[in-house]
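**Student:** Got work.pdb for you, PDB, C-alpha atoms:
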```
MODEL        1
ATOM      1  CA  SER X   1       5.660  13.328  16.860
ATOM      2  CA  ALA X   2       2.858  14.967  18.842
ATOM      3  CA  ALA X   3       0.693  11.861  18.443
ATOM      4  CA  HIS X   4       3.611   9.688  19.550
ATOM      5  CA  ASP X   5       4.194  11.818  22.637
ATOM      6  CA  ALA X   6       0.496  11.793  23.520
ATOM      7  CA  ALA X   7       0.340   7.999  23.224
ATOM      8  CA  MET X   8       3.404   7.599  25.424
ATOM      9  CA  GLU X   9       1.982   9.954  28.034
ATOM     10  CA  VAL X  10      -1.252   7.962  28.260
ATOM     11  CA  PHE X  11      -0.030   4.384  27.772
ATOM     12  CA  GLY X  12       3.692   4.496  28.522
ATOM     13  CA  ARG X  13       4.542   2.349  25.508
ATOM     14  CA  ILE X  14       3.600   1.724  21.871
ATOM     15  CA  ASP X  15       3.025  -1.875  20.871
ATOM     16  CA  ILE X  16       1.538  -1.497  17.376
ATOM     17  CA  LEU X  17       2.023   1.105  14.676
ATOM     18  CA  VAL X  18      -0.480   1.048  11.791
ATOM     19  CA  ASN X  19       0.699   3.074   8.808
ATOM     20  CA  ASN X  20      -2.580   3.547   6.962
ATOM     21  CA  ALA X  21      -2.346   6.971   5.322
ATOM     22  CA  GLY X  22      -2.954   6.718   1.612
ATOM     23  CA  ARG X  23      -4.684   8.198  -1.395
ATOM     24  CA  ALA X  24      -5.168   7.034  -4.968
ATOM     25  CA  GLN X  25      -3.734   9.064  -7.810
ATOM     26  CA  LEU X  26      -5.261   7.396 -10.844
ATOM     27  CA  GLY X  27      -4.973   7.921 -14.558
ATOM     28  CA  TRP X  28      -2.554   7.398 -17.413
ATOM     29  CA  PHE X  29       0.953   8.570 -16.506
ATOM     30  CA  GLU X  30       1.160  11.330 -19.097
ATOM     31  CA  THR X  31      -2.172  12.782 -17.989
ATOM     32  CA  ILE X  32      -0.915  13.339 -14.419
ATOM     33  CA  PRO X  33       1.029  16.556 -13.673
ATOM     34  CA  GLU X  34       4.385  16.134 -11.966
ATOM     35  CA  GLU X  35       3.206  17.869  -8.793
ATOM     36  CA  ASP X  36       0.434  15.284  -8.427
ATOM     37  CA  VAL X  37       2.937  12.463  -8.894
ATOM     38  CA  ARG X  38       5.124  13.899  -6.153
ATOM     39  CA  ARG X  39       2.096  14.413  -3.908
ATOM     40  CA  GLN X  40       1.234  10.731  -4.299
ATOM     41  CA  PHE X  41       4.655   9.740  -3.003
ATOM     42  CA  GLU X  42       4.557  12.330  -0.218
ATOM     43  CA  ILE X  43       1.390  10.744   1.166
ATOM     44  CA  ASN X  44       1.792   7.042   0.426
ATOM     45  CA  LEU X  45       5.537   6.673   1.005
ATOM     46  CA  PHE X  46       7.130   9.606   2.790
ATOM     47  CA  GLY X  47       4.172   9.999   5.150
ATOM     48  CA  ALA X  48       4.642   6.411   6.326
ATOM     49  CA  MET X  49       8.387   6.966   6.688
ATOM     50  CA  THR X  50       7.824  10.067   8.811
ATOM     51  CA  VAL X  51       5.528   8.207  11.190
ATOM     52  CA  ALA X  52       7.942   5.277  11.423
ATOM     53  CA  ARG X  53      10.824   7.609  12.286
ATOM     54  CA  ALA X  54       8.767   8.961  15.194
ATOM     55  CA  VAL X  55       7.782   5.558  16.579
ATOM     56  CA  LEU X  56      10.715   3.219  15.918
ATOM     57  CA  PRO X  57      13.024   4.714  18.578
ATOM     58  CA  THR X  58      10.420   3.844  21.220
ATOM     59  CA  MET X  59      10.004   0.312  19.873
ATOM     60  CA  ARG X  60      13.786  -0.097  19.835
ATOM     61  CA  ARG X  61      13.992   0.909  23.497
ATOM     62  CA  GLN X  62      11.194  -1.540  24.281
ATOM     63  CA  ARG X  63      12.807  -4.262  22.158
ATOM     64  CA  ALA X  64       9.253  -5.013  21.058
ATOM     65  CA  GLY X  65       6.576  -3.790  18.703
ATOM     66  CA  LEU X  66       4.737  -4.477  15.472
ATOM     67  CA  VAL X  67       4.745  -2.218  12.407
ATOM     68  CA  VAL X  68       1.647  -2.792  10.270
ATOM     69  CA  THR X  69       1.873  -1.255   6.808
ATOM     70  CA  ILE X  70      -1.329  -0.970   4.799
ATOM     71  CA  SER X  71      -0.202  -1.438   1.225
ATOM     72  CA  SER X  72      -2.348  -2.896  -1.567
ATOM     73  CA  VAL X  73      -2.296  -5.764  -3.999
ATOM     74  CA  ASN X  74      -1.228  -2.938  -6.305
ATOM     75  CA  GLY X  75       2.022  -2.965  -4.383
ATOM     76  CA  LEU X  76       2.618  -6.228  -6.233
ATOM     77  CA  VAL X  77       0.647  -5.721  -9.446
ATOM     78  CA  SER X  78       0.354  -2.633 -11.639
ATOM     79  CA  ASN X  79      -2.128  -1.958 -14.413
ATOM     80  CA  ALA X  80      -2.988   0.798 -16.862
ATOM     81  CA  GLY X  81      -4.560   3.699 -15.003
ATOM     82  CA  GLY X  82      -2.805   2.824 -11.766
ATOM     83  CA  SER X  83       0.866   3.253 -12.637
ATOM     84  CA  ILE X  84       1.548   6.142 -10.248
ATOM     85  CA  TYR X  85      -0.496   4.701  -7.389
ATOM     86  CA  SER X  86       1.244   1.349  -7.834
ATOM     87  CA  ALA X  87       4.648   3.006  -8.062
ATOM     88  CA  SER X  88       4.110   4.540  -4.620
ATOM     89  CA  LYS X  89       2.960   1.194  -3.202
ATOM     90  CA  PHE X  90       5.826  -0.726  -4.851
ATOM     91  CA  ALA X  91       8.198   1.746  -3.191
ATOM     92  CA  LEU X  92       6.390   1.393   0.141
ATOM     93  CA  GLU X  93       6.785  -2.373   0.022
ATOM     94  CA  GLY X  94      10.425  -2.234  -1.039
ATOM     95  CA  TRP X  95      11.175   0.056   1.895
ATOM     96  CA  MET X  96       9.286  -2.124   4.372
ATOM     97  CA  GLU X  97      10.796  -5.399   3.166
ATOM     98  CA  GLY X  98      14.261  -4.034   3.848
ATOM     99  CA  LEU X  99      13.287  -2.245   7.056
ATOM    100  CA  ALA X 100      11.711  -5.428   8.392
ATOM    101  CA  GLU X 101      15.111  -7.129   8.178
ATOM    102  CA  GLU X 102      16.769  -4.206   9.957
ATOM    103  CA  ILE X 103      14.378  -4.117  12.912
ATOM    104  CA  ALA X 104      13.708  -7.845  13.373
ATOM    105  CA  PRO X 105      16.916  -8.431  15.409
ATOM    106  CA  LEU X 106      15.656  -5.757  17.820
ATOM    107  CA  GLY X 107      12.410  -7.599  18.514
ATOM    108  CA  ILE X 108      10.246  -5.464  16.225
ATOM    109  CA  ARG X 109       7.950  -7.322  13.852
ATOM    110  CA  SER X 110       6.506  -6.214  10.520
ATOM    111  CA  LEU X 111       3.257  -7.007   8.716
ATOM    112  CA  ILE X 112       2.541  -5.805   5.167
ATOM    113  CA  VAL X 113      -1.177  -5.856   4.348
ATOM    114  CA  GLU X 114      -2.171  -6.132   0.682
ATOM    115  CA  PRO X 115      -5.937  -5.798   0.225
ATOM    116  CA  GLY X 116      -7.835  -6.034  -3.001
ATOM    117  CA  MET X 117     -10.605  -3.562  -3.785
ATOM    118  CA  MET X 118     -12.175  -2.508  -0.476
ATOM    119  CA  ARG X 119     -15.714  -1.234   0.005
ATOM    120  CA  THR X 120     -14.736   2.210   1.277
ATOM    121  CA  ASN X 121     -14.740   5.749  -0.136
ATOM    122  CA  PHE X 122     -11.247   5.163  -1.528
ATOM    123  CA  LEU X 123     -12.420   5.411  -5.156
ATOM    124  CA  ASP X 124     -14.815   8.274  -4.494
ATOM    125  CA  PRO X 125     -13.990  11.526  -6.315
ATOM    126  CA  SER X 126     -13.672  13.178  -2.900
ATOM    127  CA  SER X 127     -10.687  10.907  -2.227
ATOM    128  CA  ALA X 128      -9.224   9.501  -5.438
ATOM    129  CA  ARG X 129      -7.812  11.854  -8.057
ATOM    130  CA  GLN X 130      -7.693  11.349 -11.814
ATOM    131  CA  GLY X 131      -5.105  12.725 -14.219
ATOM    132  CA  HIS X 132      -6.575  15.764 -15.945
ATOM    133  CA  LEU X 133      -4.170  16.526 -18.786
ATOM    134  CA  GLU X 134      -6.003  15.817 -22.033
ATOM    135  CA  ILE X 135      -4.117  13.582 -24.507
ATOM    136  CA  ALA X 136      -6.095  12.396 -27.509
ATOM    137  CA  ASP X 137      -4.164   9.141 -27.893
ATOM    138  CA  TYR X 138      -5.368   8.026 -24.456
ATOM    139  CA  ALA X 139      -8.859   9.552 -24.495
ATOM    140  CA  GLU X 140     -10.829   6.386 -25.241
ATOM    141  CA  ALA X 141      -8.922   4.225 -22.770
ATOM    142  CA  VAL X 142      -9.141   6.899 -20.059
ATOM    143  CA  ALA X 143     -12.897   7.219 -20.548
ATOM    144  CA  GLY X 144     -13.326   3.475 -20.156
ATOM    145  CA  PHE X 145     -11.169   3.435 -17.036
ATOM    146  CA  ARG X 146     -13.096   6.288 -15.444
ATOM    147  CA  SER X 147     -16.342   4.461 -16.122
ATOM    148  CA  PHE X 148     -14.953   1.332 -14.440
ATOM    149  CA  ILE X 149     -13.871   3.311 -11.374
ATOM    150  CA  SER X 150     -17.251   5.025 -11.145
ATOM    151  CA  GLN X 151     -19.094   1.707 -11.269
ATOM    152  CA  ALA X 152     -16.731   0.060  -8.770
ATOM    153  CA  ASN X 153     -17.033   2.899  -6.238
ATOM    154  CA  GLY X 154     -19.133   1.633  -3.335
ATOM    155  CA  THR X 155     -19.706  -1.820  -4.826
ATOM    156  CA  GLN X 156     -16.330  -3.410  -3.985
ATOM    157  CA  ARG X 157     -16.684  -6.958  -2.634
ATOM    158  CA  ASN X 158     -14.180  -6.761   0.224
ATOM    159  CA  ASP X 159     -15.418  -5.623   3.644
ATOM    160  CA  PRO X 160     -13.004  -3.422   5.640
ATOM    161  CA  GLU X 161     -14.395  -4.749   8.936
ATOM    162  CA  ASP X 162     -13.390  -8.283   7.967
ATOM    163  CA  LEU X 163      -9.891  -7.075   7.129
ATOM    164  CA  SER X 164      -9.656  -5.189  10.431
ATOM    165  CA  ALA X 165     -10.503  -8.382  12.318
ATOM    166  CA  LEU X 166      -7.785 -10.298  10.449
ATOM    167  CA  ILE X 167      -5.193  -7.619  11.205
ATOM    168  CA  LEU X 168      -6.130  -7.694  14.899
ATOM    169  CA  ALA X 169      -5.827 -11.476  14.923
ATOM    170  CA  GLU X 170      -2.377 -11.310  13.336
ATOM    171  CA  ALA X 171      -1.267  -8.575  15.745
ATOM    172  CA  SER X 172      -2.330 -10.768  18.673
ATOM    173  CA  SER X 173      -0.609 -13.875  17.317
ATOM    174  CA  SER X 174       2.694 -15.067  18.718
ATOM    175  CA  GLN X 175       3.767 -15.946  15.170
ATOM    176  CA  PRO X 176       2.159 -13.313  12.927
ATOM    177  CA  ALA X 177       2.447 -13.438   9.176
ATOM    178  CA  ARG X 178       4.909 -11.135   7.467
ATOM    179  CA  ARG X 179       2.487 -10.534   4.596
ATOM    180  CA  LEU X 180      -1.305 -10.609   4.515
ATOM    181  CA  LEU X 181      -3.202 -10.667   1.222
ATOM    182  CA  PHE X 182      -6.924 -10.012   1.571
ATOM    183  CA  GLY X 183      -9.734 -10.662  -0.876
ATOM    184  CA  GLU X 184     -10.253 -13.135  -3.678
ATOM    185  CA  ASP X 185      -9.296 -10.465  -6.200
ATOM    186  CA  ALA X 186      -6.010  -9.805  -4.414
ATOM    187  CA  HIS X 187      -5.148 -13.499  -4.319
ATOM    188  CA  ASP X 188      -6.027 -13.958  -7.997
ATOM    189  CA  TRP X 189      -4.020 -10.938  -9.170
ATOM    190  CA  ALA X 190      -1.011 -11.692  -6.981
ATOM    191  CA  GLY X 191      -1.065 -15.365  -7.954
ATOM    192  CA  ALA X 192      -1.144 -14.491 -11.653
ATOM    193  CA  LYS X 193       1.747 -12.054 -11.180
ATOM    194  CA  CYS X 194       3.816 -14.695  -9.406
ATOM    195  CA  THR X 195       3.113 -17.226 -12.152
ATOM    196  CA  HIS X 196       4.091 -14.773 -14.894
ATOM    197  CA  LEU X 197       7.189 -13.629 -13.011
ATOM    198  CA  ALA X 198       8.343 -17.196 -12.433
ATOM    199  CA  ALA X 199       7.920 -17.926 -16.135
ATOM    200  CA  GLU X 200       9.909 -14.829 -17.075
ATOM    201  CA  ILE X 201      12.690 -15.800 -14.655
ATOM    202  CA  ASP X 202      12.855 -19.305 -16.134
ATOM    203  CA  ALA X 203      12.924 -17.885 -19.669
ATOM    204  CA  SER X 204      15.683 -15.479 -18.711
ATOM    205  CA  ARG X 205      17.712 -18.289 -17.133
ATOM    206  CA  ALA X 206      17.355 -20.324 -20.327
ATOM    207  CA  ARG X 207      18.907 -17.469 -22.300
ATOM    208  CA  ASP X 208      21.962 -17.180 -20.044
TER     209      ASP X 208
ENDMDL
END
```
Mind turning the file's structure into structure tokens?

**Tutor:**
Amino acid sequence: SAAHDAAMEVFGRIDILVNNAGRAQLGWFETIPEEDVRRQFEINLFGAMTVARAVLPTMRRQRAGLVVTISSVNGLVSNAGGSIYSASKFALEGWMEGLAEEIAPLGIRSLIVEPGMMRTNFLDPSSARQGHLEIADYAEAVAGFRSFISQANGTQRNDPEDLSALILAEASSSQPARRLLFGEDAHDWAGAKCTHLAAEIDASRARD
């Protein structure tokens, strides 16, 4: 609210909101304490909702604005070791898909951004958290996952500056996309999910 008021005092209006707050809670579900699960949702979902509540009244009065939500390809695809992180991003996307329909008649646009693995400090131990409850049945898989994360940290292929430029281009467009996937990995994972989901839908229809 204070940031909103400061922006209004300086600029007199708010044209773009970028909801970018996020943190990765990684690890096998049973190794993550409940308070860490709730903290993941507080940051990734409820934090974005709180900011939107502060800004949307101004955009409604303007009858204009763009809400940019930084999600992840893991808002579409979930894997072992990322179930809680993905759950928060799935929820974020479900909220924004519905909200986009609510605010569109008022002239407010929405863009959901779904990057793949970005070359930032996101996977660094100073940012990402791992489940710490020891469960023997998961020990080998968890060790392998932690090794993967350690090796991926700082070596991700996707450049955040390139993504920033794409977001700016979409924000400046008269017909911006509603969804922006970024990175070859994101396109591959999302495409595979869509293919599998379509096959499951067809199989389910055949059983009706």

**Student:** Using all atoms listed in the file, which of X:Val73, X:Arg146, X:Ser1, X:Ile112 sits nearest Gly191 of chain X?

**Tutor:**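 Once distances to Gly191 of chain X are computed over all atoms listed in the file, the minimum belongs to X:Val73.
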
**Student:** Give me the result of the PyMOL selection byres ((chain X and resi 42) around 12) on this file, residue by residue, as a short mmCIF file (atom, residue, chain, number, x, y, z; two decimals) with C-alpha atoms, keeping the file's coordinate frame.

**Tutor:**
```cif
data_model
loop_
_atom_site.label_atom_id
_atom_site.label_comp_id
_atom_site.auth_asym_id
_atom_site.auth_seq_id
_atom_site.Cartn_x
_atom_site.Cartn_y
_atom_site.Cartn_z
CA ALA X 21 -2.35 6.97 5.32
CA GLY X 22 -2.95 6.72 1.61
CA ARG X 23 -4.68 8.20 -1.40
CA GLN X 25 -3.73 9.06 -7.81
CA GLU X 35 3.21 17.87 -8.79
CA ASP X 36 0.43 15.28 -8.43
CA VAL X 37 2.94 12.46 -8.89
CA ARG X 38 5.12 13.90 -6.15
CA ARG X 39 2.10 14.41 -3.91
CA GLN X 40 1.23 10.73 -4.30
CA PHE X 41 4.66 9.74 -3.00
CA ILE X 43 1.39 10.74 1.17
CA ASN X 44 1.79 7.04 0.43
CA LEU X 45 5.54 6.67 1.00
CA PHE X 46 7.13 9.61 2.79
CA GLY X 47 4.17 10.00 5.15
CA ALA X 48 4.64 6.41 6.33
CA MET X 49 8.39 6.97 6.69
CA THR X 50 7.82 10.07 8.81
CA TYR X 85 -0.50 4.70 -7.39
CA SER X 88 4.11 4.54 -4.62
CA LYS X 89 2.96 1.19 -3.20
CA ALA X 91 8.20 1.75 -3.19
CA LEU X 92 6.39 1.39 0.14
#
```

**Student:** Output the residue selection produced by the PyMOL selection byres ((chain X and resi 119) around 10) on the file above, formatted as a list of chain:residue names.

**Tutor:**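 Selected by the PyMOL selection byres ((chain X and resi 119) around 10) here: X:Gly116, X:Met117, X:Met118, X:Thr120, X:Asn121, X:Phe122, X:Leu123, X:Ala152, X:Asn153, X:Gly154, X:Thr155, X:Gln156, X:Arg157, X:Asn158, X:Asp159, X:Pro160, X:Glu161.
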
**Student:** Write out as number ranges by chain the residues lying within 9 Å of segment 80-83 of chain X, counting all atoms listed in the file and excluding same-chain residues fewer than 4 positions away.

**Tutor:** X: 24-29, 74, 87-88, 130, 141-142, 145-146

**Student:** Can you tell me which residues surround Ile103 of chain X at a distance of at most 12 Å, considering only C-alpha atoms, apart from same-chain residues fewer than 4 positions away, and format the answer as an MDAnalysis selection string?

**Tutor:** chainID X and resid 52 56:57 59:61 63:67 96:99 107:110

**Student:** Return as AutoDock Vina command-line options the box centre and box size in Å, one decimal, for an axis-aligned box around all listed atoms of segment 191-194 of chain X padded by 4 Å per side.

**Tutor:**
```
--center_x 1.3 --center_y -13.7 --center_z -9.8 --size_x 13.0 --size_y 11.3 --size_z 11.7
```

**Student:** Would you mind reading off the distance between atom CA of Glu102 of chain X and atom CA of Glu114 of chain X, one decimal, in Å?

**Tutor:** 21.2 Å

**Student:** Just to confirm, what's the straight-line distance from atom CA of Ala7 of chain X to atom CA of Val55 of chain X in Å (one decimal)?

**Tutor:**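 Computing it gives 10.3 Å between the two atoms.
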
**Student:** If you count all atoms listed in the file, which residues fall within 12 Å of Ala190 of chain X, apart from same-chain ones fewer than 6 positions away, as a list of chain:residue names?

**Tutor:**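 Using all atoms listed in the file, the neighbours found are X:Ser72, X:Val73, X:Asn74, X:Gly75, X:Leu76, X:Val77, X:Ser78, X:Glu114, X:Pro115, X:Gly116, X:Leu180, X:Leu181, X:Phe182, X:Gly183, X:Glu184, X:His196, X:Leu197.
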
**Student:** Interatomic distance between atom CA of Val51 of chain X and atom CA of Asp162 of chain X?

**Tutor:**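 Computing the Euclidean distance for atom CA of Val51 of chain X and atom CA of Asp162 of chain X yields 25.3 Å.
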
**Student:** Can you pull out the residues contacting Glu30 of chain X? Cut-off 9 Å, using all atoms listed in the file, and skip same-chain residues under 4 positions away; I want them as a PyMOL selection string.

**Tutor:** chain X and resi 131+133-135

**Student:** X:Asp208, X:Glu9, X:Asp137, X:Asp188: which is nearest Thr31 of chain X, counting only C-alpha atoms?

**Tutor:**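 When distances to Thr31 of chain X are compared using only C-alpha atoms, the smallest one comes from X:Asp137.
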
**Student:** Name every residue that the PyMOL selection byres ((chain X and resi 170) around 12) selects in this structure, writing the answer as a list in words with chains first and numbers rising.

**Tutor:**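 Evaluating the PyMOL selection byres ((chain X and resi 170) around 12) on these coordinates yields Ile16, Leu66, Val67, Val68, Arg109, Ser110, Leu111, Ile112, Val113, Leu163, Ser164, Ala165, Leu166, Ile167, Leu168, Ala169, Ala171, Ser172, Ser173, Ser174, Gln175, Pro176, Ala177, Arg178, Arg179 and Leu180 of chain X.
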
**Student:** Using only C-alpha atoms, which residue out of X:Tyr138, X:Glu200, X:Ser150, X:Ile14 lies closest to Asp124 of chain X?

**Tutor:** X:Ser150

**Student:** For segment 42-122 of chain X in the structure I just supplied, write out C-alpha atoms - as a PDB file, in the first residue's frame.

**Tutor:**
```pdb
ATOM      1  CA  GLU X  42       2.360 -16.893   1.715  1.00  0.00           C
ATOM      2  CA  ILE X  43       5.127 -15.640  -0.571  1.00  0.00           C
ATOM      3  CA  ASN X  44       4.240 -17.051  -3.982  1.00  0.00           C
ATOM      4  CA  LEU X  45       0.447 -16.757  -3.833  1.00  0.00           C
ATOM      5  CA  PHE X  46      -0.833 -14.569  -1.022  1.00  0.00           C
ATOM      6  CA  GLY X  47       1.943 -12.015  -1.514  1.00  0.00           C
ATOM      7  CA  ALA X  48       0.846 -11.527  -5.124  1.00  0.00           C
ATOM      8  CA  MET X  49      -2.791 -11.282  -4.041  1.00  0.00           C
ATOM      9  CA  THR X  50      -1.949  -8.610  -1.471  1.00  0.00           C
ATOM     10  CA  VAL X  51      -0.163  -6.477  -4.050  1.00  0.00           C
ATOM     11  CA  ALA X  52      -2.998  -6.907  -6.549  1.00  0.00           C
ATOM     12  CA  ARG X  53      -5.562  -5.804  -3.959  1.00  0.00           C
ATOM     13  CA  ALA X  54      -3.575  -2.591  -3.465  1.00  0.00           C
ATOM     14  CA  VAL X  55      -3.228  -1.783  -7.166  1.00  0.00           C
ATOM     15  CA  LEU X  56      -6.412  -3.015  -8.856  1.00  0.00           C
ATOM     16  CA  PRO X  57      -8.685  -0.263  -7.475  1.00  0.00           C
ATOM     17  CA  THR X  58      -6.469   2.322  -9.185  1.00  0.00           C
ATOM     18  CA  MET X  59      -6.475   0.391 -12.460  1.00  0.00           C
ATOM     19  CA  ARG X  60     -10.259   0.069 -12.240  1.00  0.00           C
ATOM     20  CA  ARG X  61     -10.617   3.835 -11.843  1.00  0.00           C
ATOM     21  CA  GLN X  62      -8.291   4.324 -14.809  1.00  0.00           C
ATOM     22  CA  ARG X  63     -10.111   1.661 -16.838  1.00  0.00           C
ATOM     23  CA  ALA X  64      -6.630   0.646 -17.960  1.00  0.00           C
ATOM     24  CA  GLY X  65      -3.613  -1.300 -16.808  1.00  0.00           C
ATOM     25  CA  LEU X  66      -1.635  -4.494 -17.232  1.00  0.00           C
ATOM     26  CA  VAL X  67      -1.050  -7.101 -14.519  1.00  0.00           C
ATOM     27  CA  VAL X  68       2.094  -9.129 -15.219  1.00  0.00           C
ATOM     28  CA  THR X  69       2.389 -12.268 -13.108  1.00  0.00           C
ATOM     29  CA  ILE X  70       5.754 -14.012 -13.012  1.00  0.00           C
ATOM     30  CA  SER X  71       4.871 -17.670 -12.686  1.00  0.00           C
ATOM     31  CA  SER X  72       7.000 -20.552 -13.982  1.00  0.00           C
ATOM     32  CA  VAL X  73       6.723 -23.457 -16.354  1.00  0.00           C
ATOM     33  CA  ASN X  74       6.285 -25.277 -13.047  1.00  0.00           C
ATOM     34  CA  GLY X  75       2.918 -23.575 -12.870  1.00  0.00           C
ATOM     35  CA  LEU X  76       1.998 -26.009 -15.637  1.00  0.00           C
ATOM     36  CA  VAL X  77       4.283 -28.965 -14.924  1.00  0.00           C
ATOM     37  CA  SER X  78       5.216 -30.550 -11.600  1.00  0.00           C
ATOM     38  CA  ASN X  79       7.993 -33.016 -10.880  1.00  0.00           C
ATOM     39  CA  ALA X  80       9.456 -34.882  -7.928  1.00  0.00           C
ATOM     40  CA  GLY X  81      11.284 -32.449  -5.673  1.00  0.00           C
ATOM     41  CA  GLY X  82       9.154 -29.524  -6.783  1.00  0.00           C
ATOM     42  CA  SER X  83       5.673 -30.508  -5.627  1.00  0.00           C
ATOM     43  CA  ILE X  84       5.235 -27.683  -3.107  1.00  0.00           C
ATOM     44  CA  TYR X  85       6.795 -25.018  -5.318  1.00  0.00           C
ATOM     45  CA  SER X  86       4.616 -26.151  -8.222  1.00  0.00           C
ATOM     46  CA  ALA X  87       1.530 -26.269  -6.023  1.00  0.00           C
ATOM     47  CA  SER X  88       2.003 -22.584  -5.195  1.00  0.00           C
ATOM     48  CA  LYS X  89       2.517 -21.724  -8.872  1.00  0.00           C
ATOM     49  CA  PHE X  90      -0.455 -23.848 -10.000  1.00  0.00           C
ATOM     50  CA  ALA X  91      -2.562 -21.908  -7.491  1.00  0.00           C
ATOM     51  CA  LEU X  92      -1.111 -18.597  -8.685  1.00  0.00           C
ATOM     52  CA  GLU X  93      -2.052 -19.409 -12.263  1.00  0.00           C
ATOM     53  CA  GLY X  94      -5.530 -20.629 -11.363  1.00  0.00           C
ATOM     54  CA  TRP X  95      -6.171 -17.380  -9.506  1.00  0.00           C
ATOM     55  CA  MET X  96      -4.841 -15.231 -12.347  1.00  0.00           C
ATOM     56  CA  GLU X  97      -6.718 -17.086 -15.085  1.00  0.00           C
ATOM     57  CA  GLY X  98      -9.985 -16.365 -13.312  1.00  0.00           C
ATOM     58  CA  LEU X  99      -9.025 -12.840 -12.267  1.00  0.00           C
ATOM     59  CA  ALA X 100      -8.059 -12.008 -15.842  1.00  0.00           C
ATOM     60  CA  GLU X 101     -11.645 -12.712 -16.911  1.00  0.00           C
ATOM     61  CA  GLU X 102     -12.990 -10.535 -14.098  1.00  0.00           C
ATOM     62  CA  ILE X 103     -10.868  -7.483 -14.894  1.00  0.00           C
ATOM     63  CA  ALA X 104     -10.802  -7.659 -18.705  1.00  0.00           C
ATOM     64  CA  PRO X 105     -14.220  -5.943 -19.097  1.00  0.00           C
ATOM     65  CA  LEU X 106     -12.780  -3.025 -17.105  1.00  0.00           C
ATOM     66  CA  GLY X 107      -9.915  -2.491 -19.537  1.00  0.00           C
ATOM     67  CA  ILE X 108      -7.273  -4.238 -17.427  1.00  0.00           C
ATOM     68  CA  ARG X 109      -5.091  -6.772 -19.207  1.00  0.00           C
ATOM     69  CA  SER X 110      -3.225  -9.767 -17.804  1.00  0.00           C
ATOM     70  CA  LEU X 111       0.008 -11.499 -18.799  1.00  0.00           C
ATOM     71  CA  ILE X 112       1.188 -14.731 -17.150  1.00  0.00           C
ATOM     72  CA  VAL X 113       4.911 -15.336 -17.663  1.00  0.00           C
ATOM     73  CA  GLU X 114       6.155 -18.932 -17.478  1.00  0.00           C
ATOM     74  CA  PRO X 115       9.954 -19.110 -17.684  1.00  0.00           C
ATOM     75  CA  GLY X 116      12.057 -22.215 -17.680  1.00  0.00           C
ATOM     76  CA  MET X 117      15.221 -22.388 -15.592  1.00  0.00           C
ATOM     77  CA  MET X 118      16.649 -18.863 -15.376  1.00  0.00           C
ATOM     78  CA  ARG X 119      20.287 -17.964 -14.789  1.00  0.00           C
ATOM     79  CA  THR X 120      19.731 -16.154 -11.495  1.00  0.00           C
ATOM     80  CA  ASN X 121      20.382 -16.910  -7.817  1.00  0.00           C
ATOM     81  CA  PHE X 122      16.969 -18.577  -7.589  1.00  0.00           C
TER      82      PHE X 122
END
```
